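The data block below is coords_17.txt; it holds compact mmCIF, C-alpha atoms and all ligand atoms.
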```
# COMPACT_ATOMS: atom_id res chain seq x y z
CA MET V 574 15.87 -35.39 269.96
CA PRO V 575 16.15 -39.19 270.22
CA SER V 576 14.82 -40.53 273.50
CA LYS V 577 12.85 -43.45 274.85
CA SER V 578 9.62 -41.43 274.68
CA SER V 579 10.22 -40.64 271.00
CA GLY V 580 10.78 -44.37 270.40
CA GLN V 581 14.23 -43.76 268.99
CA LYS V 582 17.19 -45.20 270.85
CA PRO V 583 20.11 -42.74 270.69
CA SER V 584 22.95 -44.13 268.59
CA TYR V 585 25.40 -42.85 271.20
CA LEU V 586 23.77 -44.53 274.20
CA GLY V 587 26.53 -47.15 274.39
CA LEU V 588 29.16 -44.42 274.57
CA LEU V 589 27.33 -42.65 277.40
CA ASN V 590 26.97 -45.94 279.27
CA ALA V 591 30.65 -46.81 278.85
CA ILE V 592 31.72 -43.39 280.17
CA ALA V 593 29.29 -43.55 283.12
CA VAL V 594 30.53 -46.99 284.18
CA GLY V 595 34.23 -46.37 283.54
CA GLU V 596 34.37 -43.00 285.27
CA SER V 597 32.43 -44.17 288.35
CA SER V 598 34.77 -47.10 288.78
CA ALA V 599 37.90 -44.92 288.42
CA GLU V 600 37.05 -42.57 291.32
CA PRO V 601 37.78 -45.06 294.16
CA VAL V 602 41.09 -46.02 292.49
CA PHE V 603 42.36 -42.43 292.66
CA LEU V 604 41.08 -41.99 296.21
CA ALA V 605 42.70 -45.24 297.42
CA TRP V 606 46.02 -44.08 295.98
CA ALA V 607 45.61 -40.58 297.52
CA ASP V 608 45.10 -42.21 300.94
CA ARG V 609 48.29 -44.26 300.52
CA THR V 610 50.83 -41.77 299.15
CA ASP V 611 53.20 -39.76 301.37
CA ASP V 612 53.49 -37.04 298.70
CA ALA V 613 51.04 -34.25 299.59
CA GLN V 614 51.16 -32.67 296.13
CA LEU V 615 50.37 -35.96 294.42
CA ALA V 616 47.57 -36.65 296.92
CA ASN V 617 45.98 -33.30 295.93
CA THR V 618 46.12 -34.18 292.23
CA LEU V 619 44.72 -37.66 292.84
CA ARG V 620 41.80 -36.34 294.89
CA PHE V 621 41.03 -33.69 292.29
CA VAL V 622 41.14 -36.16 289.39
CA GLY V 623 39.17 -38.69 291.46
CA MET V 624 36.46 -36.11 292.12
CA ARG V 625 36.24 -35.36 288.42
CA GLU V 626 35.92 -39.05 287.59
CA GLY V 627 33.08 -39.49 290.05
CA GLU V 628 31.31 -36.38 288.79
CA HIS V 629 31.64 -37.56 285.18
CA GLY V 630 30.16 -40.93 286.15
CA LYS V 631 27.15 -39.24 287.77
CA ALA V 632 26.71 -36.63 285.00
CA PHE V 633 26.61 -39.26 282.26
CA ALA V 634 24.29 -41.51 284.26
CA LYS V 635 22.03 -38.47 284.76
CA ARG V 636 22.11 -37.67 281.05
CA MET V 637 21.10 -41.25 280.28
CA LEU V 638 18.17 -40.93 282.71
CA GLU V 639 17.12 -37.69 280.99
CA LEU V 640 17.06 -39.61 277.72
CA GLY V 641 15.00 -42.33 279.42
CA TYR V 642 17.65 -45.00 280.03
CA GLU V 643 19.51 -46.42 283.00
CA VAL V 644 23.16 -47.33 283.29
CA ARG V 645 23.97 -50.98 282.70
CA GLU V 646 27.09 -52.46 284.25
CA GLY V 647 27.05 -55.15 281.53
CA ASP V 648 30.18 -57.26 281.22
CA TYR V 649 32.40 -54.56 282.68
CA GLY V 650 35.35 -56.35 284.24
CA GLY V 651 35.54 -54.19 287.38
CA ASN V 652 38.47 -52.39 288.94
CA ASP V 653 39.76 -55.04 291.38
CA GLU V 654 43.27 -55.13 289.94
CA GLN V 655 43.52 -51.32 289.81
CA MET V 656 42.27 -51.04 293.40
CA LYS V 657 44.87 -53.58 294.51
CA ILE V 658 47.68 -51.59 292.90
CA ALA V 659 46.40 -48.18 294.07
CA GLY V 660 46.07 -49.25 297.71
CA SER V 661 49.34 -51.20 297.80
CA ARG V 662 52.74 -50.24 299.27
CA ARG V 663 54.29 -49.98 295.79
CA SER V 664 56.14 -46.72 295.10
CA ASP V 665 54.16 -43.89 293.47
CA LEU V 666 56.35 -44.19 290.37
CA ARG V 667 55.54 -47.88 290.05
CA LYS V 668 51.84 -47.16 290.46
CA PHE V 669 52.00 -44.58 287.67
CA GLU V 670 53.64 -47.14 285.42
CA GLU V 671 51.39 -50.07 286.31
CA LEU V 672 48.16 -48.06 286.16
CA GLY V 673 49.26 -46.19 283.01
CA PHE V 674 48.32 -42.80 284.47
CA GLY V 675 51.57 -40.95 283.73
CA ARG V 676 51.43 -41.03 279.96
CA GLY V 677 50.00 -37.54 279.44
CA ILE V 678 48.29 -36.67 276.17
CA SER V 679 49.17 -38.54 273.01
CA ASP V 680 48.59 -37.41 269.41
CA ASN V 681 45.79 -39.92 269.08
CA ASP V 682 43.62 -40.64 272.07
CA VAL V 683 40.40 -42.46 272.77
CA PHE V 684 38.48 -39.15 272.78
CA ASP V 685 39.33 -38.21 269.18
CA THR V 686 36.52 -40.30 267.72
CA MET V 687 33.80 -39.46 270.25
CA PHE V 688 32.26 -36.77 268.08
CA THR V 689 32.21 -38.76 264.84
CA ASP V 690 28.57 -39.62 265.59
CA LYS V 691 26.74 -36.72 263.91
CA ASN V 692 23.50 -37.46 265.82
CA ILE V 693 24.75 -36.29 269.21
CA ASP V 694 22.19 -33.85 270.63
CA PRO V 695 23.37 -30.42 271.88
CA ILE V 696 22.99 -31.14 275.60
CA THR V 697 24.90 -34.42 275.38
CA GLY V 698 27.41 -32.70 273.07
CA GLY V 699 28.06 -29.98 275.66
CA LEU V 700 28.58 -32.57 278.38
CA LEU V 701 30.82 -34.67 276.16
CA GLY V 702 32.95 -31.65 275.20
CA ARG V 703 33.51 -30.69 278.84
CA TYR V 704 34.27 -34.32 279.72
CA ILE V 705 36.91 -34.63 276.98
CA ALA V 706 38.62 -31.36 277.92
CA GLU V 707 38.66 -32.32 281.61
CA GLU V 708 40.01 -35.80 280.90
CA ARG V 709 42.89 -34.33 278.92
CA ASP V 710 43.54 -31.78 281.65
CA SER V 711 43.60 -34.59 284.23
CA ALA V 712 46.10 -36.48 282.04
CA ARG V 713 48.33 -33.38 281.93
CA ARG V 714 48.18 -32.93 285.72
CA LEU V 715 49.02 -36.58 286.37
CA ARG V 716 51.87 -36.42 283.87
CA ALA V 717 53.33 -33.35 285.64
CA ASP V 718 53.36 -35.21 288.98
CA TYR V 719 54.85 -38.28 287.34
CA GLU V 720 57.70 -36.21 285.85
CA ARG V 721 58.30 -34.43 289.16
CA LEU V 722 58.59 -37.76 290.98
CA GLN V 723 60.90 -39.11 288.27
CA GLN V 724 63.21 -36.10 288.70
CA THR V 725 63.31 -36.54 292.48
CA ASP V 726 64.05 -40.22 292.00
CA ASP V 727 66.91 -39.44 289.56
CA VAL V 728 68.46 -36.98 292.03
CA GLN V 729 68.21 -39.52 294.88
CA LYS V 730 69.75 -42.25 292.71
CA ALA V 731 72.66 -39.97 291.69
CA ALA V 732 73.27 -39.03 295.36
CA ARG V 733 73.29 -42.71 296.40
CA LYS V 734 75.73 -43.54 293.57
CA ALA V 735 78.06 -40.67 294.56
CA ALA V 736 78.00 -41.74 298.23
CA LYS V 737 78.77 -45.33 297.25
CA SER V 738 81.74 -44.44 295.06
CA ALA V 739 83.09 -42.03 297.74
CA LYS V 740 82.93 -44.88 300.27
CA LYS V 741 84.75 -47.21 297.84
CA SER V 742 87.60 -44.78 297.11
CA SER V 743 88.15 -44.02 300.82
CA ALA V 744 88.36 -47.77 301.49
CA ARG V 745 91.16 -48.07 298.88
CA LYS V 746 93.45 -45.38 300.53
CA PRO V 747 96.11 -46.69 302.99
CA ALA V 748 95.25 -46.04 306.62
CA ALA V 749 96.80 -42.86 308.00
CA LYS V 750 99.59 -43.43 310.57
CA SER V 751 98.76 -42.63 314.16
CA PRO V 752 100.84 -39.87 315.88
CA ALA V 753 102.59 -42.53 318.02
CA LYS V 754 103.58 -44.55 314.92
CA LYS V 755 104.76 -41.36 313.17
CA ALA V 756 107.00 -40.49 316.17
CA ALA V 757 108.44 -44.03 316.30
CA ALA V 758 109.23 -43.92 312.54
CA LYS V 759 110.98 -40.55 312.98
CA LYS V 760 113.01 -41.89 315.88
CA SER V 761 114.17 -44.98 314.00
CA ALA V 762 115.09 -42.87 310.94
CA ALA V 763 117.16 -40.54 313.18
CA LYS V 764 118.82 -43.59 314.71
CA LYS V 765 119.80 -44.88 311.28
CA VAL V 766 121.33 -41.52 310.33
CA GLY V 767 123.25 -41.48 313.65
CA ALA V 768 124.59 -45.01 313.02
CA LYS V 769 125.93 -44.04 309.60
CA LYS V 770 128.05 -41.19 311.06
FE FE Y 801 38.35 -40.67 283.29
```
Exercise: express the given structure as structure tokens:
Amino acid sequence: MPSKSSGQKPSYLGLLNAIAVGESSAEPVFLAWADRTDDAQLANTLRFVGMREGEHGKAFAKRMLELGYEVREGDYGGNDEQMKIAGSRRSDLRKFEELGFGRGISDNDVFDTMFTDKNIDPITGGLLGRYIAEERDSARRLRADYERLQQTDDVQKAARKAAKSAKKSSARKPAAKSPAKKAAAKKSAAKKVGAKK
């Protein structure tokens, strides 16, 4: 097995480092959003996905240590922008769109090529396989919440539209006569008939 002690640097060390850094930085983004949303179901999903992200970060950092290497932050740009969006007062739908978390699983994803390196040792391979399956499951869960919120939003928009057009059409109708006006009109009509006789 390649390791520092064997003098061989694993060819997949960069991949492990990228996952460790990326996953650790994603956890606080999900938690900040969970703290901000008023939707209890979404908050549950965000906390669950956030926990997974944090655990992935730790598990990959641990695997690197087992191989004899430490995580390097390198030129990782940080998560400032994501944290700003997640903790903001934007709607949940807007956050999904701006953070890109509602896309679900696509035919080609970033995980497809992770096993092309034929040197991956069995322990790392097991960890990587679990990570990929969990990431795709997280994407599915987030997508389901995104679609649910979209449906609620569509229903609310349709209700607002219907209320607006009902208000408009009632404004166009002539005002109904008051009982006093009705009686006066009846009286004057009777008078006219009497005058003709
Ligand atoms: Fe992730």
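Relative to atom CA of V:Phe669, atom CA of V:Ala717 is found at 11.5 Å.
With atom CA of V:Ser664 on one side and atom CA of V:Asp718 on the other, the separation reads 13.3 Å.
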*In the coordinates of the file, take the point (40.0, -37.4, 290.0) and a cut-off of 12 Å; then, counting only C-alpha atoms, name each qualifying protein, DNA or RNA residue as a ChimeraX atom specification.*
/V:596-607,615-630,674,707-712,714-715
*Quick one, how far is atom CA of V:Val594 from atom CA of V:Glu643?*
11.1 Å
_7 Å contact set for stretch 691-698 of chain V, only C-alpha atoms, chain neighbours under 3 positions out, as a PyMOL selection string_ = chain V and resi 574+585+688+701-702
How would the residues just picked look written out with C-alpha atoms as a CSV table (one decimal), keeping the file's coordinate frame?
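After the write, result.csv holds the following:
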```csv
chain,number,residue,atom,x,y,z
V,574,MET,CA,15.9,-35.4,270.0
V,585,TYR,CA,25.4,-42.8,271.2
V,688,PHE,CA,32.3,-36.8,268.1
V,701,LEU,CA,30.8,-34.7,276.2
V,702,GLY,CA,33.0,-31.6,275.2
```
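When all atoms listed in the file are used to measure the gap to ligand FE 801 (chain Y), the shortest distance among V:Gly647, V:Gly677, V:Gly595, V:Gly699 belongs to V:Gly595.
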*List every protein, DNA or RNA residue with an atom no more than 10 Å from (44.9, -51.0, 294.7) in the file's coordinates, counting all atoms listed in the file, and format the result as a PyMOL selection string.*
chain V and resi 601-606+609+652-663+668+672
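The closest residue to ligand FE 801 (chain Y), picked from V:Leu700, V:Met637, V:Ile705, V:Ala736 and counting only C-alpha atoms and all ligand atoms, is V:Ile705.
Distances to ligand FE 801 (chain Y) were evaluated for V:Glu670, V:Lys631, V:Tyr704, V:Leu588 using only C-alpha atoms and all ligand atoms, and the minimum falls at V:Tyr704.
Distances from V:Val644, V:Leu638, V:Leu666, V:Val683 to ligand FE 801 (chain Y) were compared using all atoms listed in the file, and the smallest one belongs to V:Val683.
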*Choose the residue, out of V:Phe684, V:Tyr642, V:Tyr719, V:Tyr649, that has the smallest atom-to-atom separation from ligand FE 801 (chain Y); count only C-alpha atoms and all ligand atoms.*
V:Phe684
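Of the residues under consideration (V:Arg703, V:Lys730, V:Gln614, V:Ser742), V:Arg703 shows the shortest atom-to-atom contact distance to ligand FE 801 (chain Y) when counting only C-alpha atoms and all ligand atoms.
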